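Trainee: model.cif is reproduced below (mmCIF, C-alpha atoms (C1' of nucleotides)).
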data_work
loop_
_atom_site.label_atom_id
_atom_site.label_comp_id
_atom_site.auth_asym_id
_atom_site.auth_seq_id
_atom_site.Cartn_x
_atom_site.Cartn_y
_atom_site.Cartn_z
CA MET A 1 19.08 0.17 -4.79
CA ALA A 2 18.96 -2.99 -6.83
CA ALA A 3 18.18 -5.17 -3.85
CA TRP A 4 15.04 -3.19 -3.04
CA ARG A 5 13.79 -3.30 -6.59
CA SER A 6 14.39 -7.04 -6.65
CA LEU A 7 12.43 -7.50 -3.47
CA VAL A 8 9.50 -5.52 -4.80
CA THR A 9 9.42 -7.49 -8.03
CA LEU A 10 9.72 -10.73 -6.14
CA VAL A 11 6.85 -9.88 -3.88
CA GLN A 12 4.54 -8.51 -6.51
CA ARG A 13 5.04 -11.37 -8.92
CA ALA A 14 5.88 -14.46 -6.89
CA PHE A 15 3.55 -13.99 -3.95
CA PRO A 16 0.36 -13.68 -5.99
CA GLU A 17 1.25 -16.86 -7.86
CA ILE A 18 1.93 -18.75 -4.65
CA GLU A 19 -1.24 -17.47 -3.03
CA ARG A 20 -3.33 -18.32 -6.05
CA ASP A 21 -1.97 -21.83 -6.01
CA LEU A 22 -2.82 -22.20 -2.34
CA ARG A 23 -6.34 -20.98 -2.91
CA LEU A 24 -7.09 -23.07 -5.99
CA ASN A 25 -5.58 -26.31 -4.72
CA ASP A 26 -6.54 -26.13 -1.06
CA GLY A 27 -9.11 -23.40 -0.68
CA LEU A 28 -6.93 -21.52 1.76
CA GLN A 29 -5.96 -17.89 1.93
CA PRO A 30 -2.37 -17.10 2.83
CA ALA A 31 -3.33 -15.63 6.20
CA GLN A 32 -5.31 -18.73 7.06
CA TYR A 33 -2.41 -20.96 6.15
CA GLN A 34 -0.07 -18.99 8.37
CA ILE A 35 -2.50 -19.17 11.25
CA PHE A 36 -2.60 -22.94 10.84
CA VAL A 37 1.17 -23.24 10.73
CA VAL A 38 1.72 -21.13 13.82
CA LEU A 39 -0.97 -22.91 15.80
CA SER A 40 0.27 -26.34 14.80
CA GLU A 41 3.71 -25.49 16.16
CA ALA A 42 2.41 -24.11 19.46
CA PRO A 43 2.37 -26.22 22.62
CA GLY A 44 -1.04 -27.89 22.84
CA ARG A 45 -1.81 -26.31 19.47
CA ARG A 46 -3.08 -23.31 21.48
CA LEU A 47 -2.07 -19.68 21.56
CA ARG A 48 -3.35 -16.37 22.81
CA LEU A 49 -4.72 -14.29 19.98
CA THR A 50 -2.14 -11.55 20.47
CA ASP A 51 0.72 -14.02 20.34
CA LEU A 52 -0.82 -15.74 17.36
CA ALA A 53 -1.17 -12.50 15.46
CA CYS A 54 2.43 -11.58 16.22
CA ALA A 55 3.83 -14.97 15.26
CA ALA A 56 1.79 -15.02 12.06
CA ASP A 57 2.83 -11.46 11.20
CA ILE A 58 -0.70 -10.15 10.86
CA SER A 59 -2.61 -7.40 12.65
CA PRO A 60 -5.05 -8.22 15.46
CA SER A 61 -7.89 -6.85 13.40
CA ARG A 62 -7.05 -9.02 10.45
CA LEU A 63 -6.75 -12.02 12.73
CA THR A 64 -10.25 -11.48 14.06
CA HIS A 65 -11.72 -11.21 10.58
CA ARG A 66 -9.94 -14.30 9.20
CA LEU A 67 -10.61 -16.31 12.34
CA ARG A 68 -14.34 -15.95 11.87
CA THR A 69 -14.27 -18.19 8.81
CA LEU A 70 -12.02 -20.77 10.42
CA VAL A 71 -14.21 -21.03 13.50
CA ASP A 72 -17.33 -21.36 11.35
CA ARG A 73 -15.66 -24.21 9.51
CA GLY A 74 -14.73 -25.93 12.76
CA GLU A 75 -11.02 -25.78 12.06
CA VAL A 76 -10.18 -23.53 14.98
CA GLU A 77 -11.84 -23.23 18.38
CA ILE A 78 -11.83 -20.21 20.67
CA HIS A 79 -11.54 -20.66 24.44
CA PRO A 80 -11.42 -18.07 27.21
CA ASP A 81 -8.03 -17.57 28.81
CA PRO A 82 -8.38 -18.81 32.40
CA GLY A 83 -5.76 -16.35 33.65
CA ASP A 84 -6.92 -13.17 31.91
CA LYS A 85 -10.53 -12.44 31.17
CA ARG A 86 -9.57 -10.04 28.39
CA ALA A 87 -7.69 -12.64 26.43
CA LYS A 88 -8.77 -15.60 24.31
CA LEU A 89 -7.02 -18.75 23.23
CA ALA A 90 -7.22 -20.17 19.74
CA GLU A 91 -6.87 -23.91 19.33
CA LEU A 92 -6.32 -25.85 16.14
CA THR A 93 -8.82 -28.69 15.91
CA LYS A 94 -8.16 -32.10 14.42
CA LYS A 95 -10.10 -31.00 11.38
CA GLY A 96 -7.92 -27.94 11.00
CA GLN A 97 -4.79 -29.99 11.39
CA ARG A 98 -5.90 -32.38 8.69
CA ARG A 99 -6.48 -29.48 6.37
CA LEU A 100 -3.02 -28.12 7.05
CA GLU A 101 -1.42 -31.51 6.46
CA ALA A 102 -3.28 -31.82 3.19
CA ALA A 103 -2.12 -28.43 1.97
CA ALA A 104 1.47 -28.33 3.17
CA PRO A 105 3.24 -30.52 0.61
CA GLY A 106 1.71 -28.80 -2.39
CA HIS A 107 2.37 -25.38 -0.96
CA ALA A 108 6.02 -26.21 -0.27
CA ALA A 109 6.37 -27.51 -3.80
CA THR A 110 4.97 -24.28 -5.24
CA VAL A 111 7.30 -22.13 -3.19
CA ARG A 112 10.19 -24.22 -4.41
CA ARG A 113 9.10 -24.10 -8.01
CA VAL A 114 8.57 -20.36 -8.10
CA ILE A 115 11.53 -19.26 -6.00
CA PHE A 116 14.01 -21.68 -4.55
CA ASP A 117 14.59 -23.89 -7.56
CA HIS A 118 16.38 -20.88 -9.02
CA LEU A 119 18.73 -20.54 -6.05
CA THR A 120 21.62 -22.58 -4.80
CA ASP A 121 21.48 -23.78 -1.22
CA GLN A 122 24.24 -21.36 -0.46
CA GLN A 123 22.24 -18.44 -1.84
CA SER A 124 19.17 -19.43 0.15
CA ARG A 125 21.25 -19.54 3.27
CA ALA A 126 22.84 -16.19 2.46
CA ILE A 127 19.39 -14.61 2.15
CA ALA A 128 18.20 -16.12 5.42
CA GLU A 129 21.29 -14.91 7.24
CA ALA A 130 21.23 -11.46 5.75
CA LEU A 131 17.58 -10.97 6.64
CA ALA A 132 17.93 -12.17 10.24
CA PRO A 133 18.88 -8.77 11.71
CA VAL A 134 16.15 -7.07 9.70
CA ILE A 135 13.59 -9.52 11.06
CA ASP A 136 14.83 -8.91 14.59
CA SER A 137 14.42 -5.20 14.13
CA LEU A 138 10.94 -5.60 12.68
CA CYS A 139 9.83 -7.80 15.56
CA ALA A 140 11.18 -5.20 17.97
CA HIS A 141 8.76 -2.69 16.39
CA PRO A 142 5.44 -4.51 16.67
CA GLU A 143 3.59 -1.25 16.10
CA TYR A 144 4.35 -1.76 12.40
CA LEU A 145 1.57 -4.33 12.51
CA ASN A 146 -0.83 -2.15 14.41
CA PRO A 147 -0.24 1.52 13.67
CA GLN A 148 -2.87 2.42 16.21
CA ASP A 149 -0.35 1.67 18.91
CA THR A 150 1.98 4.30 17.55
CA VAL A 151 2.05 7.05 20.12
CA SER A 152 2.83 10.43 18.68
CA GLU A 153 6.01 12.00 20.05
CA PRO A 154 5.69 14.98 22.34
CA THR A 155 6.74 18.14 20.53
CA MET B 1 12.93 -23.22 4.91
CA ALA B 2 14.24 -20.37 6.97
CA ALA B 3 14.72 -18.11 3.96
CA TRP B 4 11.06 -18.39 2.98
CA ARG B 5 9.85 -17.66 6.47
CA SER B 6 12.13 -14.63 6.60
CA LEU B 7 10.78 -13.35 3.33
CA VAL B 8 7.20 -13.70 4.51
CA THR B 9 7.91 -11.87 7.74
CA LEU B 10 9.81 -9.18 5.90
CA VAL B 11 6.98 -8.61 3.49
CA GLN B 12 4.17 -8.68 6.02
CA ARG B 13 5.86 -6.36 8.47
CA ALA B 14 8.15 -4.07 6.52
CA PHE B 15 6.02 -3.42 3.46
CA PRO B 16 2.97 -2.15 5.35
CA GLU B 17 5.18 0.25 7.29
CA ILE B 18 6.84 1.55 4.14
CA GLU B 19 3.52 1.90 2.36
CA ARG B 20 1.94 3.68 5.30
CA ASP B 21 4.80 6.12 5.35
CA LEU B 22 4.41 6.81 1.65
CA ARG B 23 0.71 7.41 2.04
CA LEU B 24 0.88 9.63 5.10
CA ASN B 25 3.79 11.75 3.95
CA ASP B 26 3.05 12.01 0.26
CA GLY B 27 -0.50 10.85 -0.28
CA LEU B 28 0.65 8.13 -2.64
CA GLN B 29 -0.21 4.47 -2.82
CA PRO B 30 2.60 2.07 -3.56
CA ALA B 31 1.22 1.18 -6.97
CA GLN B 32 1.00 4.85 -7.89
CA TYR B 33 4.57 5.44 -6.81
CA GLN B 34 5.79 2.57 -8.94
CA ILE B 35 3.87 3.86 -11.92
CA PHE B 36 5.56 7.23 -11.46
CA VAL B 37 9.01 5.70 -11.17
CA VAL B 38 8.64 3.55 -14.26
CA LEU B 39 7.21 6.37 -16.34
CA SER B 40 9.88 8.82 -15.23
CA GLU B 41 12.56 6.42 -16.44
CA ALA B 42 10.93 5.80 -19.81
CA PRO B 43 12.05 7.66 -22.95
CA GLY B 44 9.87 10.74 -23.28
CA ARG B 45 8.27 9.74 -19.98
CA ARG B 46 5.82 7.70 -22.10
CA LEU B 47 5.01 4.01 -22.17
CA ARG B 48 2.37 1.69 -23.57
CA LEU B 49 0.04 0.53 -20.83
CA THR B 50 1.03 -3.11 -21.22
CA ASP B 51 4.71 -2.28 -20.93
CA LEU B 52 4.02 -0.01 -18.00
CA ALA B 53 2.09 -2.68 -16.15
CA CYS B 54 4.85 -5.21 -16.74
CA ALA B 55 7.65 -2.88 -15.68
CA ALA B 56 5.73 -1.83 -12.57
CA ASP B 57 4.92 -5.46 -11.73
CA ILE B 58 1.17 -4.91 -11.56
CA SER B 59 -1.72 -6.46 -13.47
CA PRO B 60 -3.32 -4.61 -16.40
CA SER B 61 -6.58 -4.41 -14.52
CA ARG B 62 -4.97 -2.89 -11.48
CA LEU B 63 -3.16 -0.42 -13.70
CA THR B 64 -6.42 0.75 -15.24
CA HIS B 65 -8.02 1.26 -11.84
CA ARG B 66 -5.06 3.16 -10.35
CA LEU B 67 -4.54 5.20 -13.47
CA ARG B 68 -8.02 6.67 -13.20
CA THR B 69 -7.05 8.60 -10.09
CA LEU B 70 -3.76 9.80 -11.53
CA VAL B 71 -5.41 11.04 -14.71
CA ASP B 72 -8.11 12.82 -12.71
CA ARG B 73 -5.38 14.58 -10.72
CA GLY B 74 -3.59 15.61 -13.90
CA GLU B 75 -0.44 13.73 -13.02
CA VAL B 76 -0.62 11.32 -15.94
CA GLU B 77 -2.06 11.81 -19.42
CA ILE B 78 -3.36 9.13 -21.74
CA HIS B 79 -2.72 9.37 -25.49
CA PRO B 80 -3.71 7.02 -28.29
CA ASP B 81 -0.89 4.96 -29.74
CA PRO B 82 -0.41 6.19 -33.33
CA GLY B 83 0.75 2.79 -34.51
CA ASP B 84 -1.87 0.55 -32.91
CA LYS B 85 -5.44 1.63 -32.35
CA ARG B 86 -5.89 -0.90 -29.53
CA ALA B 87 -3.06 0.49 -27.47
CA LYS B 88 -2.68 3.61 -25.34
CA LEU B 89 0.29 5.54 -24.10
CA ALA B 90 0.62 6.90 -20.59
CA GLU B 91 2.67 10.04 -20.12
CA LEU B 92 3.93 11.50 -16.87
CA THR B 93 3.05 15.21 -16.73
CA LYS B 94 5.17 17.92 -15.14
CA LYS B 95 2.82 17.88 -12.22
CA GLY B 96 3.29 14.17 -11.80
CA GLN B 97 7.01 14.47 -12.00
CA ARG B 98 7.03 17.13 -9.33
CA ARG B 99 5.04 14.87 -7.07
CA LEU B 100 7.47 12.03 -7.62
CA GLU B 101 10.45 14.25 -6.90
CA ALA B 102 8.81 15.44 -3.72
CA ALA B 103 8.18 11.93 -2.51
CA ALA B 104 11.33 10.12 -3.55
CA PRO B 105 13.82 11.23 -0.87
CA GLY B 106 11.51 10.47 2.02
CA HIS B 107 10.54 7.15 0.57
CA ALA B 108 14.15 6.12 0.07
CA ALA B 109 14.92 7.12 3.63
CA THR B 110 12.10 4.99 4.97
CA VAL B 111 13.22 1.97 3.00
CA ARG B 112 16.70 2.45 4.36
CA ARG B 113 15.52 2.89 7.93
CA VAL B 114 13.28 -0.15 7.94
CA ILE B 115 15.45 -2.54 5.97
CA PHE B 116 18.86 -1.60 4.68
CA ASP B 117 20.26 0.10 7.74
CA HIS B 118 20.35 -3.38 9.23
CA LEU B 119 22.39 -4.84 6.36
CA THR B 120 25.96 -4.42 5.27
CA ASP B 121 26.57 -3.34 1.70
CA GLN B 122 27.88 -6.80 1.05
CA GLN B 123 24.67 -8.40 2.28
CA SER B 124 22.53 -6.08 0.17
CA ARG B 125 24.58 -7.01 -2.85
CA ALA B 126 24.33 -10.71 -2.01
CA ILE B 127 20.53 -10.45 -1.89
CA ALA B 128 20.36 -8.60 -5.18
CA GLU B 129 22.61 -11.14 -6.87
CA ALA B 130 20.83 -14.15 -5.44
CA LEU B 131 17.43 -12.84 -6.51
CA ALA B 132 18.47 -12.01 -10.06
CA PRO B 133 17.78 -15.47 -11.53
CA VAL B 134 14.48 -15.64 -9.65
CA ILE B 135 13.44 -12.30 -11.10
CA ASP B 136 14.40 -13.46 -14.57
CA SER B 137 12.27 -16.53 -14.18
CA LEU B 138 9.33 -14.51 -12.89
CA CYS B 139 9.52 -12.07 -15.78
CA ALA B 140 9.61 -15.02 -18.16
CA HIS B 141 6.22 -16.06 -16.74
CA PRO B 142 4.17 -12.89 -17.16
CA GLU B 143 0.97 -14.88 -16.70
CA TYR B 144 1.71 -14.73 -12.98
CA LEU B 145 0.49 -11.13 -13.20
CA ASN B 146 -2.57 -11.94 -15.26
CA PRO B 147 -3.82 -15.45 -14.49
CA GLN B 148 -6.47 -15.05 -17.15
CA ASP B 149 -3.79 -15.61 -19.75
CA THR B 150 -3.02 -19.02 -18.31
CA VAL B 151 -4.31 -21.48 -20.86
CA SER B 152 -5.26 -24.81 -19.38
CA GLU B 153 -3.31 -27.73 -20.80
CA PRO B 154 -5.11 -30.13 -23.12
CA THR B 155 -5.85 -33.39 -21.36
"C1'" DA C 1 -9.91 -11.73 -48.70
"C1'" DC C 2 -12.15 -13.97 -44.73
"C1'" DT C 3 -12.41 -15.84 -40.57
"C1'" DA C 4 -10.44 -17.58 -36.04
"C1'" DA C 5 -7.41 -16.61 -32.65
"C1'" DA C 6 -4.73 -13.60 -30.07
"C1'" DT C 7 -3.62 -8.94 -28.14
"C1'" DG C 8 -4.61 -4.47 -25.65
"C1'" DG C 9 -7.37 -2.59 -22.59
"C1'" DT C 10 -11.69 -1.91 -19.57
"C1'" DT C 11 -15.46 -2.96 -16.44
"C1'" DG C 12 -18.19 -4.24 -12.27
"C1'" DA C 13 -18.78 -7.40 -8.66
"C1'" DA C 14 -16.84 -9.87 -4.80
"C1'" DG C 15 -13.68 -10.33 -1.23
"C1'" DC C 16 -9.94 -8.85 1.67
"C1'" DA C 17 -6.97 -5.46 4.42
"C1'" DT C 18 -6.78 -1.32 6.86
"C1'" DC C 19 -8.12 2.04 9.92
"C1'" DA C 20 -10.37 4.48 13.67
"C1'" DA C 21 -13.34 3.92 17.19
"C1'" DG C 22 -15.49 1.04 20.34
"C1'" DT C 23 -15.99 -2.44 24.68
"C1'" DT C 24 -14.31 -4.91 28.45
"C1'" DA C 25 -10.77 -6.13 31.64
"C1'" DT C 26 -6.32 -5.44 34.00
"C1'" DC C 27 -2.62 -2.69 35.76
"C1'" DC C 28 -0.46 0.95 38.31
"C1'" DG C 29 0.23 5.20 40.76
"C1'" DA C 30 -1.48 8.24 44.38
"C1'" DT D 1 -9.01 1.69 46.95
"C1'" DC D 2 -9.98 4.67 43.56
"C1'" DG D 3 -9.30 6.33 38.88
"C1'" DG D 4 -6.79 6.89 34.73
"C1'" DA D 5 -3.95 4.53 31.47
"C1'" DT D 6 -3.02 0.54 28.99
"C1'" DA D 7 -3.96 -4.08 27.00
"C1'" DA D 8 -6.95 -7.56 24.47
"C1'" DC D 9 -10.00 -7.98 21.22
"C1'" DT D 10 -14.01 -6.57 18.01
"C1'" DT D 11 -16.56 -3.86 14.80
"C1'" DG D 12 -18.06 -1.48 10.50
"C1'" DA D 13 -16.84 1.53 6.88
"C1'" DT D 14 -13.73 2.59 3.27
"C1'" DG D 15 -10.83 1.57 -0.40
"C1'" DC D 16 -7.88 -1.55 -3.00
"C1'" DT D 17 -7.05 -5.96 -5.55
"C1'" DT D 18 -8.60 -9.72 -7.94
"C1'" DC D 19 -11.22 -12.11 -11.10
"C1'" DA D 20 -14.09 -13.22 -15.00
"C1'" DA D 21 -16.29 -11.34 -18.72
"C1'" DC D 22 -16.34 -8.04 -22.11
"C1'" DC D 23 -15.27 -4.92 -26.50
"C1'" DA D 24 -12.17 -3.36 -30.12
"C1'" DT D 25 -8.34 -4.17 -32.97
"C1'" DT D 26 -4.73 -6.75 -35.05
"C1'" DT D 27 -2.53 -10.98 -36.63
"C1'" DA D 28 -2.35 -15.40 -38.85
"C1'" DG D 29 -4.01 -19.25 -41.23
"C1'" DT D 30 -6.28 -20.90 -45.48
#
Show me, as structure tokens, the structure contained in the file I just sent.
Mentor:
Amino acid sequence: MAAWRSLVTLVQRAFPEIERDLRLNDGLQPAQYQIFVVLSEAPGRRLRLTDLACAADISPSRLTHRLRTLVDRGEVEIHPDPGDKRAKLAELTKKGQRRLEAAAPGHAATVRRVIFDHLTDQQSRAIAEALAPVIDSLCAHPEYLNPQDTVSEPT
Amino acid sequence: MAAWRSLVTLVQRAFPEIERDLRLNDGLQPAQYQIFVVLSEAPGRRLRLTDLACAADISPSRLTHRLRTLVDRGEVEIHPDPGDKRAKLAELTKKGQRRLEAAAPGHAATVRRVIFDHLTDQQSRAIAEALAPVIDSLCAHPEYLNPQDTVSEPT
DNA sequence: ACTAAATGGTTGAAGCATCAAGTTATCCGA
DNA sequence: TCGGATAACTTGATGCTTCAACCATTTAGT
């Protein structure tokens, strides 16, 4: 399958370059950047950790680990969820938002340079449309992010 | 950019699932599997390490680290390159080939289940075609795999 | 022929992701 | 209302990737 091979090459070559750029220019890891983006788009710039992890496509465990740094830096704050004592809310601070705004233009430019400058608008749209059902299916199987939740079938 | 967001989601959700499957069913890491595939397609099942790394889309350093395990298991052998005393040749052994053949069908099935079952043949082809120029560009910039080779511009 | 630069490959440390197991809180069935 | 199952989140260990620095060999310039 040529498409699969292309995807693997794309991921293994383009992603490291884009992530390196993000780290060198803005001191951000990819997971941190995604956390910022998701939070900035949330109402009140707040989200439950579970929802944040899901929207950012990372595992709860990874979220906890990455969040530690962001909280230490004062870019994200953690509040208790008033309605559920198990849950916590993450909130993007002003400082965090400034950091995101500083990084976004350069990051977008890198993504364009490495990938989308080589595609026509029509091709970009074709990719987005083709992937939509795959994304839907993936989001319907959240256990892919947290294999622990995979319950073994009864024999 | 919807296409970019889709790609990120695809990679962060689908790849871990596919890699987990490969590891649990066949005891192989993704990088090892790619090394096997590339070697099995090479003439004489042999390749210089540099060429192998490039064809498998991994950095030379990563190749060295992963190769250690494969050599210890007797699935790959390292020979000196007769024409260049700096270089080495990696060769896939019978044992390695058997392992690849055992893993391939299941791996292909997983990739299909997670991704391509949700796409029409036409969509798969559209993705492959759209990505071709991007892949070409990426392969023309091999320093993306080995940032050390990036020489800083003179001011 | 001699040296400087480039190529091929390796190494060890540092940092990140993953996993399994843990804690606390909520839900749901009897 | 009691108790087990599930949900939300955290933790620490393990293993992989990355990075910068390194050695050996080859190439190229003079």
Trainee: Applying 8 Å and all atoms listed in the file, which residues near region 10-27 of chain C remain after dropping the ones on its own chain fewer than 6 positions away? List them as a list in words.
Mentor: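 Final neighbour list, sorted by chain and number: Arg62, Lys85 and Arg86 of chain A; Ser61 and Thr64 of chain B; DT6, DA7, DT11 and DC22 of chain D.
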Trainee: So the first atom is CA of Ile18 (chain B) and the second is CA of Arg20 (chain A); what is the distance between them in Å, to one decimal place?
Mentor: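 That distance, rounded to one decimal, is 24.5 Å.
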Trainee: Taking (-4.6, -15.4, 22.6) in the file's coordinates as the center, which residues reach within 6 Å of it, counting all atoms listed in the file, put as a PyMOL selection string?
Mentor: chain A and resi 47-51+87-89
Trainee: Report as lines of an AutoDock Vina configuration file the centre and the edge lengths, in Å to one decimal, of the axis-aligned box holding every listed atom of region 1-7 of chain B, padded by 3 Å on each side.
Mentor:
center_x = 12.3
center_y = -18.3
center_z = 5.0
size_x = 10.9
size_y = 15.9
size_z = 10.0
Trainee: I'd like to see the residues matched by the PyMOL selection byres ((chain A and resi 55) around 10) on this file, and ideally I'd get them as a list in words.
Mentor: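 Taken over the shown coordinates, the PyMOL selection byres ((chain A and resi 55) around 10) returns Gln34, Ile35, Val37, Val38, Leu39, Leu47, Leu49, Thr50, Asp51, Leu52, Ala53, Cys54, Ala56, Asp57, Ile58 and Cys139 of chain A; Thr9 of chain B.
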Trainee: If the PyMOL selection byres ((chain D and resi 27) around 12) were run on this exact file, what residues would it hold? Put them as a ChimeraX atom specification.
Mentor: /C:3-7 /D:25-26,28-29
Trainee: Give me the residues within 7 Å of region 123-133 of chain B as a ChimeraX atom specification, counting all atoms listed in the file and dropping any in the same chain fewer than 6 places off.
Mentor: /A:2-3,6,118-119,123,127,130
Trainee: Just to confirm, what's the straight-line distance from CA of Leu138 (chain B) to C1' of DA21 (chain D) in Å (one decimal)?
Mentor: 26.5 Å
Trainee: Would you pick out the contacts of Ala140 (chain A) at 12 Å or less, using only C-alpha atoms (C1' of nucleotides), so that residues sharing its chain but fewer than 3 positions from it are not included, and give the list as a compact mmCIF listing (two decimals) with C-alpha atoms, keeping the file's coordinate frame?
Mentor:
# COMPACT_ATOMS: atom_id res chain seq x y z
CA CYS A 54 2.43 -11.58 16.22
CA PRO A 133 18.88 -8.77 11.71
CA VAL A 134 16.15 -7.07 9.70
CA ILE A 135 13.59 -9.52 11.06
CA ASP A 136 14.83 -8.91 14.59
CA SER A 137 14.42 -5.20 14.13
CA GLU A 143 3.59 -1.25 16.10
CA TYR A 144 4.35 -1.76 12.40
CA LEU A 145 1.57 -4.33 12.51
CA ARG B 13 5.86 -6.36 8.47
CA ALA B 14 8.15 -4.07 6.52
CA VAL B 114 13.28 -0.15 7.94
Trainee: Residues of chain D within 10 Å of chain B, counting only C-alpha atoms (C1' of nucleotides), what are they? List them as a list in words.
Mentor: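 Listing them in order of chain and number gives DC16, DT17, DT18, DC19, DA20, DA24, DT25 and DT26 of chain D.
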Trainee: Counting all atoms listed in the file, which residues sit no farther than 12 Å from the position (8.8, 5.5, 1.5) in the file's frame? I'd like them as a ChimeraX atom specification.
Mentor: /A:4 /B:14-30,33-34,100,102-115
Trainee: For CA of Val71 (chain B) and CA of Ala90 (chain B), quote the distance in Å rounded to one decimal.
Mentor: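 Taking CA of Val71 (chain B) and CA of Ala90 (chain B), their separation equals 9.4 Å.
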Trainee: Out of A:Asp81, A:Glu101, A:Asp121, A:Glu91, which residue has the shortest atom-to-atom distance to chain B when counting all atoms listed in the file?
Mentor: A:Asp121
Trainee: Please complete region 54-66 of chain B so it has N, CA and C atoms, and hand it over as a PDB file, in the frame of the given file.
Mentor:
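To be explicit, this is the file written out as part-v3.pdb:
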ATOM      1  N   CYS B  54       3.822  -4.183 -16.919  1.00  0.00           N
ATOM      2  CA  CYS B  54       4.850  -5.210 -16.740  1.00  0.00           C
ATOM      3  C   CYS B  54       6.041  -4.651 -15.979  1.00  0.00           C
ATOM      4  N   ALA B  55       6.478  -3.451 -16.340  1.00  0.00           N
ATOM      5  CA  ALA B  55       7.650  -2.880 -15.680  1.00  0.00           C
ATOM      6  C   ALA B  55       7.354  -2.524 -14.234  1.00  0.00           C
ATOM      7  N   ALA B  56       6.093  -2.189 -13.947  1.00  0.00           N
ATOM      8  CA  ALA B  56       5.730  -1.830 -12.570  1.00  0.00           C
ATOM      9  C   ALA B  56       5.281  -3.045 -11.776  1.00  0.00           C
ATOM     10  N   ASP B  57       5.281  -4.210 -12.402  1.00  0.00           N
ATOM     11  CA  ASP B  57       4.920  -5.460 -11.730  1.00  0.00           C
ATOM     12  C   ASP B  57       3.493  -5.446 -11.202  1.00  0.00           C
ATOM     13  N   ILE B  58       2.570  -4.876 -11.966  1.00  0.00           N
ATOM     14  CA  ILE B  58       1.170  -4.910 -11.560  1.00  0.00           C
ATOM     15  C   ILE B  58       0.335  -5.436 -12.733  1.00  0.00           C
ATOM     16  N   SER B  59      -0.870  -5.905 -12.431  1.00  0.00           N
ATOM     17  CA  SER B  59      -1.720  -6.460 -13.470  1.00  0.00           C
ATOM     18  C   SER B  59      -2.340  -5.336 -14.298  1.00  0.00           C
ATOM     19  N   PRO B  60      -2.693  -5.624 -15.544  1.00  0.00           N
ATOM     20  CA  PRO B  60      -3.320  -4.610 -16.400  1.00  0.00           C
ATOM     21  C   PRO B  60      -4.571  -4.025 -15.753  1.00  0.00           C
ATOM     22  N   SER B  61      -5.343  -4.890 -15.137  1.00  0.00           N
ATOM     23  CA  SER B  61      -6.580  -4.410 -14.520  1.00  0.00           C
ATOM     24  C   SER B  61      -6.269  -3.419 -13.405  1.00  0.00           C
ATOM     25  N   ARG B  62      -5.338  -3.790 -12.578  1.00  0.00           N
ATOM     26  CA  ARG B  62      -4.970  -2.890 -11.480  1.00  0.00           C
ATOM     27  C   ARG B  62      -4.443  -1.573 -12.028  1.00  0.00           C
ATOM     28  N   LEU B  63      -3.682  -1.641 -13.101  1.00  0.00           N
ATOM     29  CA  LEU B  63      -3.160  -0.420 -13.700  1.00  0.00           C
ATOM     30  C   LEU B  63      -4.299   0.495 -14.119  1.00  0.00           C
ATOM     31  N   THR B  64      -5.282  -0.058 -14.796  1.00  0.00           N
ATOM     32  CA  THR B  64      -6.420   0.750 -15.240  1.00  0.00           C
ATOM     33  C   THR B  64      -7.073   1.454 -14.056  1.00  0.00           C
ATOM     34  N   HIS B  65      -7.351   0.686 -12.996  1.00  0.00           N
ATOM     35  CA  HIS B  65      -8.020   1.260 -11.840  1.00  0.00           C
ATOM     36  C   HIS B  65      -7.195   2.385 -11.214  1.00  0.00           C
ATOM     37  N   ARG B  66      -5.897   2.145 -11.006  1.00  0.00           N
ATOM     38  CA  ARG B  66      -5.060   3.160 -10.350  1.00  0.00           C
ATOM     39  C   ARG B  66      -4.852   4.369 -11.240  1.00  0.00           C
TER      40      ARG B  66
END
